[in-house]
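Written out below as structure tokens is the structure these notes cover.
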Amino acid sequence: MGRTTAHILVIAILAALVAVAFMRVNYTWNWDGVWEYRQKFIQGWVTTLVLSVAALVGSIVIGMVAAMMLQSRREFVQALARVYVELVRGTPLLVQLLIGFYVVASAVGLDNRFVVGVLSLSLFSGAYMAEIFRGGLAAIPQTQRDAARAIGLSQWQSMRLVILPQALRLVLPPIAGQLVSLIKDSSLLSVIAISEFTLNAQEVNSFTYSALESYLPLAAGYLMLTLPLSWLARLLESRFRYET
Amino acid sequence: MAEEKLSLKVGMELSYPPFEMTDPQGKPAGVSVAIAKSLGQYLKREVVVENFSFDGLIPALKIGKIDLIISSMTATPERAKSIAFSDPYLKTGLSLLVGTDSPVKSSVDLNVKGRVIVVKKGTTGHQFAVSTLKEAKVLVVDKEAAAVLEVVQGKAHAFIYDSMSVFQNHRRHPKQTRAILRPFKEESWAIGLRLSDTEFKAEVNAFLKKFRQDGGFEKLGDEFLMEEKKFFREQDIPFYF
């Protein structure tokens with residue numbers, strides 16, 4: 001059985017199970033309302049796409065900087081990064097968003113909720129990224145660094161040519177996982193009234209008084225964002241594979 | 001008999017004091033809870049309050065997770081397409097909470113390009129904004145508190161909500177807000193039921209009538225809404241059972 005066939009088979013079985021479940025609860029579908037508001041779904045999806053891409057780049061940059069700070073020999077710099085990571089990972093994103101927008105951003109006069117949303121999301125996800133990057137770097141044994149230096153590579157060269165390629169391969173799967181979570185976490189931005197995908201779907205739900213009709217397109221829409229990401233991550237992983 | 005012990009599942013969003021709230025011990029309380037309890041006594045069924053988000057109430061009723069909705073819900077023609085409503089038990093209307101410096105003086109100032117109007121998701125204010133305010137930018141939030149903050153911080157020019165909440169929120173932020181209380185759209189609240197429960201609806205209506213005759217609503221008004229009642233009467237604004 002080919003890989004594609006296997007995938008199709010699994011999806012078909014799953015779809016059949018879901019269909020049976022819906023039939024068992026006697027759910028009456030009403031798709032007209034959802035179709036009428038399709039423009040709202042498209043708008044929300046595009047907003048979520050733009051938000052996610054921006055926060056994706058932001059969180060990778062923040063994560064790398066924070067990971068380097070965590071490795072710093074300067075106590076203050078390290079403490080700064082450590083407090084950031086623990087504070088952000090240990091508190092709910094909901095609280096961070098509300099305080100970030102209504103208190104911090106208001107205090108500094110930043111009124112663009114989209115910018116605040118992307119920044120908050122980047123900072124949130126960046127804290128997880130920082131630990132993933134740090135873990136990846138820490139997993140490369142000290143002997144590798146010593147050997148690289150012994151053959152005459154400079155500190156930067158040994159980082160770029162020896163440590164990073166190996167670390168990158170190690171961190172790719174968890175990074176991809178974190179980015180997928182980030183896309184889904186972006187749904188929380190609705191609390192600061194950003195008109196993203198989930199909020200739009202819920203609005204359609206409340207206009208049409210449907211219960212689940214809006215949520216199925218919602219799930220499909222998120223899959224359209226997350227599946228290419230997982231696929232890209234696997235592609236990169238195979239590119240960085242090397243013989244050991 | 002076993003049937004008499006049948007529970008009555010009443011759906012409400014417990015975040016709308018003093019109608020639907022929780023007491024300090026976390027138990028459901030408020031006007032709607034009191035109405036539900038009296039209805040339970042009348043029907044000889046044990047009342048179980050189920051806490052749902054406001055826009056989840058109608059789906060929950062349709063699916064059968066709850067038997068009826070008592071959640072300060074306005075009987076609108078749109079909602080009446082998917083659920084049935086009892087006779088109305090309370091009259092109110094849509095009013096405006098605006099910032100002190102907001103250019104909004106009345107509802108005619110809402111539909112203007114560049115105006116930012118905040119609404120709570122799934123409320124009649126939300127429906128009004130979406131259907132009528134094509135020029136303005138409409139912000140949709142989940143929580144009443146967030147909508148009030150938007151107005152207090154001057155991020156939104158007006159918050160469309162019912163008169164009583166506007167009044168209460170204005171009293172909480174007297175310096176930063178103004179309340180334009182006179183309803184620009186009158187509404188009445190009713191109990192929501194499934195379209196198929198016609199017999200049940202007749203029973204609920206009979207209860208409402210009896211409850212009113214016995215002075216039940218009057219008593220609840222005095223217990224929970226003394227100040228509001230007085231203020232609204234003085235201003236000649238409809239807010240009474």
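The chains in the structure tokens are called A, B, ... from first to last as shown; in each chain the residues are counted from 1, and the ligands are counted from 1 in the order shown.
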Could you make a table, as a tab-separated table, of the residues of range 24-139 of chain A that have an atom within 8 Å of an atom of range 180-198 of chain A, each with its nearest atom pair and distance in Å to one decimal, counting only C-alpha atoms, in chain and number order?
```
residue	atom	partner	partner_atom	distance
A:Phe41	CA	A:Phe197	CA	6.5
A:Gln43	CA	A:Phe197	CA	7.5
A:Gly44	CA	A:Phe197	CA	3.8
A:Trp45	CA	A:Phe197	CA	4.8
A:Val46	CA	A:Phe197	CA	7.8
A:Thr47	CA	A:Glu196	CA	5.4
A:Thr48	CA	A:Glu196	CA	5.3
A:Leu51	CA	A:Ser186	CA	7.5
A:Ser52	CA	A:Ile183	CA	5.5
A:Ala55	CA	A:Leu182	CA	8.0
A:Leu56	CA	A:Leu182	CA	7.5
A:Leu93	CA	A:Leu188	CA	7.8
A:Leu94	CA	A:Leu188	CA	6.8
A:Leu97	CA	A:Ile192	CA	7.2
A:Leu98	CA	A:Ile192	CA	6.8
A:Phe101	CA	A:Ile192	CA	7.1
A:Arg113	CA	A:Ile194	CA	6.9
A:Phe114	CA	A:Ile194	CA	6.8
A:Gly117	CA	A:Leu189	CA	6.3
A:Leu121	CA	A:Ser186	CA	7.1
A:Ser125	CA	A:Leu182	CA	6.5
```
If you keep N, CA and C atoms, can you produce a file of those selected residues as a CSV table (one decimal), in the first residue's frame?
```csv
chain,number,residue,atom,x,y,z
A,41,PHE,N,-16.2,34.3,6.7
A,41,PHE,CA,-15.2,33.2,6.9
A,41,PHE,C,-13.9,33.5,6.2
A,43,GLN,N,-12.8,36.5,5.2
A,43,GLN,CA,-12.1,37.6,5.8
A,43,GLN,C,-11.3,37.2,7.1
A,44,GLY,N,-12.0,36.4,7.9
A,44,GLY,CA,-11.4,36.0,9.1
A,44,GLY,C,-10.2,35.1,8.9
A,45,TRP,N,-10.3,34.2,7.9
A,45,TRP,CA,-9.2,33.3,7.5
A,45,TRP,C,-8.0,34.1,7.1
A,46,VAL,N,-8.2,35.1,6.2
A,46,VAL,CA,-7.1,35.9,5.8
A,46,VAL,C,-6.5,36.7,6.9
A,47,THR,N,-7.3,37.2,7.8
A,47,THR,CA,-6.7,37.9,9.0
A,47,THR,C,-5.9,36.9,9.8
A,48,THR,N,-6.4,35.7,10.1
A,48,THR,CA,-5.6,34.8,10.8
A,48,THR,C,-4.3,34.4,10.1
A,51,LEU,N,-1.9,37.4,10.5
A,51,LEU,CA,-1.5,37.4,11.9
A,51,LEU,C,-0.5,36.3,12.2
A,52,SER,N,-0.8,35.1,11.8
A,52,SER,CA,0.0,34.0,12.1
A,52,SER,C,1.4,34.1,11.5
A,55,ALA,N,3.4,36.7,13.4
A,55,ALA,CA,3.7,36.2,14.7
A,55,ALA,C,4.7,35.1,14.6
A,56,LEU,N,4.6,34.3,13.6
A,56,LEU,CA,5.6,33.2,13.3
A,56,LEU,C,7.0,33.7,13.2
A,93,LEU,N,-2.2,33.1,28.2
A,93,LEU,CA,-2.2,34.1,27.1
A,93,LEU,C,-3.3,35.1,27.2
A,94,LEU,N,-4.5,34.6,27.7
A,94,LEU,CA,-5.6,35.5,27.8
A,94,LEU,C,-5.3,36.7,28.7
A,97,LEU,N,-2.8,39.0,26.9
A,97,LEU,CA,-3.4,39.9,25.9
A,97,LEU,C,-4.1,41.0,26.5
A,98,LEU,N,-5.0,40.7,27.5
A,98,LEU,CA,-5.8,41.8,28.1
A,98,LEU,C,-4.9,42.9,28.7
A,101,PHE,N,-2.8,44.7,26.0
A,101,PHE,CA,-3.5,45.7,25.2
A,101,PHE,C,-4.1,46.9,26.0
A,113,ARG,N,-4.6,47.6,17.4
A,113,ARG,CA,-4.8,46.3,18.1
A,113,ARG,C,-4.1,45.2,17.3
A,114,PHE,N,-4.0,45.3,16.0
A,114,PHE,CA,-3.4,44.3,15.2
A,114,PHE,C,-1.9,44.1,15.6
A,117,GLY,N,-1.6,42.7,19.0
A,117,GLY,CA,-1.9,41.3,18.9
A,117,GLY,C,-0.7,40.4,18.4
A,121,LEU,N,1.4,37.8,20.7
A,121,LEU,CA,1.5,36.4,20.3
A,121,LEU,C,3.0,36.0,20.1
A,125,SER,N,4.8,33.0,22.2
A,125,SER,CA,5.3,31.8,21.5
A,125,SER,C,6.9,31.8,21.6
```
At a cut-off of 10 Å, list the chain B residues touching chain A, using only C-alpha atoms, as a ChimeraX atom specification.
/B:54-63,78-79,81-83,118-123,126-127,130,138-143,146-147,149-150,153,155
Range 10-207 of chain B: residues DSSP assigns to helix (DSSP H, G or I), reported as a compact mmCIF listing (two decimals) with C-alpha atoms, in the first residue's frame:
```txt
# COMPACT_ATOMS: atom_id res chain seq x y z
CA VAL B 31 -33.38 37.89 39.30
CA SER B 32 -33.42 35.21 36.60
CA VAL B 33 -32.43 32.51 39.07
CA ALA B 34 -35.27 33.62 41.36
CA ILE B 35 -37.70 33.48 38.42
CA ALA B 36 -36.41 30.03 37.49
CA LYS B 37 -36.86 28.77 41.07
CA SER B 38 -40.43 30.05 41.20
CA LEU B 39 -41.14 28.46 37.84
CA GLY B 40 -39.70 25.20 39.17
CA GLN B 41 -42.00 25.35 42.19
CA TYR B 42 -44.96 26.07 39.93
CA LEU B 43 -44.13 23.15 37.64
CA PHE B 54 -24.82 33.91 25.80
CA ASP B 55 -24.37 33.01 22.14
CA GLY B 56 -24.29 29.32 23.05
CA LEU B 57 -27.71 29.36 24.73
CA ILE B 58 -29.88 28.95 21.65
CA PRO B 59 -27.79 26.07 20.23
CA ALA B 60 -27.84 24.41 23.68
CA LEU B 61 -31.63 24.70 23.79
CA LYS B 62 -32.00 23.30 20.28
CA ILE B 63 -29.74 20.34 21.00
CA PRO B 77 -37.95 38.09 15.09
CA GLU B 78 -34.57 36.64 14.04
CA ARG B 79 -34.31 34.51 17.17
CA ALA B 80 -37.98 33.56 16.90
CA SER B 107 -28.07 57.04 17.97
CA VAL B 108 -28.08 59.06 14.73
CA ASP B 109 -24.36 59.74 15.26
CA THR B 124 -29.25 42.54 20.13
CA GLY B 125 -26.76 45.40 20.05
CA HIS B 126 -24.53 43.21 17.89
CA GLN B 127 -27.40 42.39 15.54
CA PHE B 128 -28.38 46.04 15.34
CA ALA B 129 -24.81 47.10 14.54
CA VAL B 130 -24.33 44.49 11.85
CA SER B 131 -27.64 45.15 10.13
CA THR B 132 -27.76 48.95 10.44
CA GLU B 144 -19.11 43.28 28.67
CA ALA B 145 -16.09 44.43 30.70
CA ALA B 146 -13.90 44.58 27.57
CA ALA B 147 -16.51 46.66 25.75
CA VAL B 148 -16.65 49.11 28.65
CA LEU B 149 -12.85 49.37 28.69
CA GLU B 150 -12.85 50.18 24.97
CA VAL B 151 -15.15 53.12 25.67
CA VAL B 152 -13.38 54.23 28.86
CA SER B 163 -30.34 50.60 29.34
CA MET B 164 -29.75 49.01 32.71
CA SER B 165 -26.20 47.87 31.95
CA VAL B 166 -25.37 51.21 30.39
CA PHE B 167 -26.63 52.92 33.53
CA GLN B 168 -24.61 50.66 35.82
CA ASN B 169 -21.44 50.94 33.78
CA HIS B 170 -21.75 54.69 33.67
CA ARG B 171 -22.08 54.77 37.45
CA ARG B 172 -18.91 52.69 37.73
CA THR B 198 -46.05 24.23 22.60
CA GLU B 199 -47.76 22.75 25.67
CA PHE B 200 -44.80 23.64 27.81
CA LYS B 201 -44.94 27.19 26.48
CA ALA B 202 -48.57 27.52 27.58
CA GLU B 203 -47.60 26.34 31.07
CA VAL B 204 -44.73 28.86 31.23
CA ASN B 205 -47.05 31.66 30.12
CA ALA B 206 -49.58 30.66 32.76
CA PHE B 207 -46.81 30.80 35.34
```
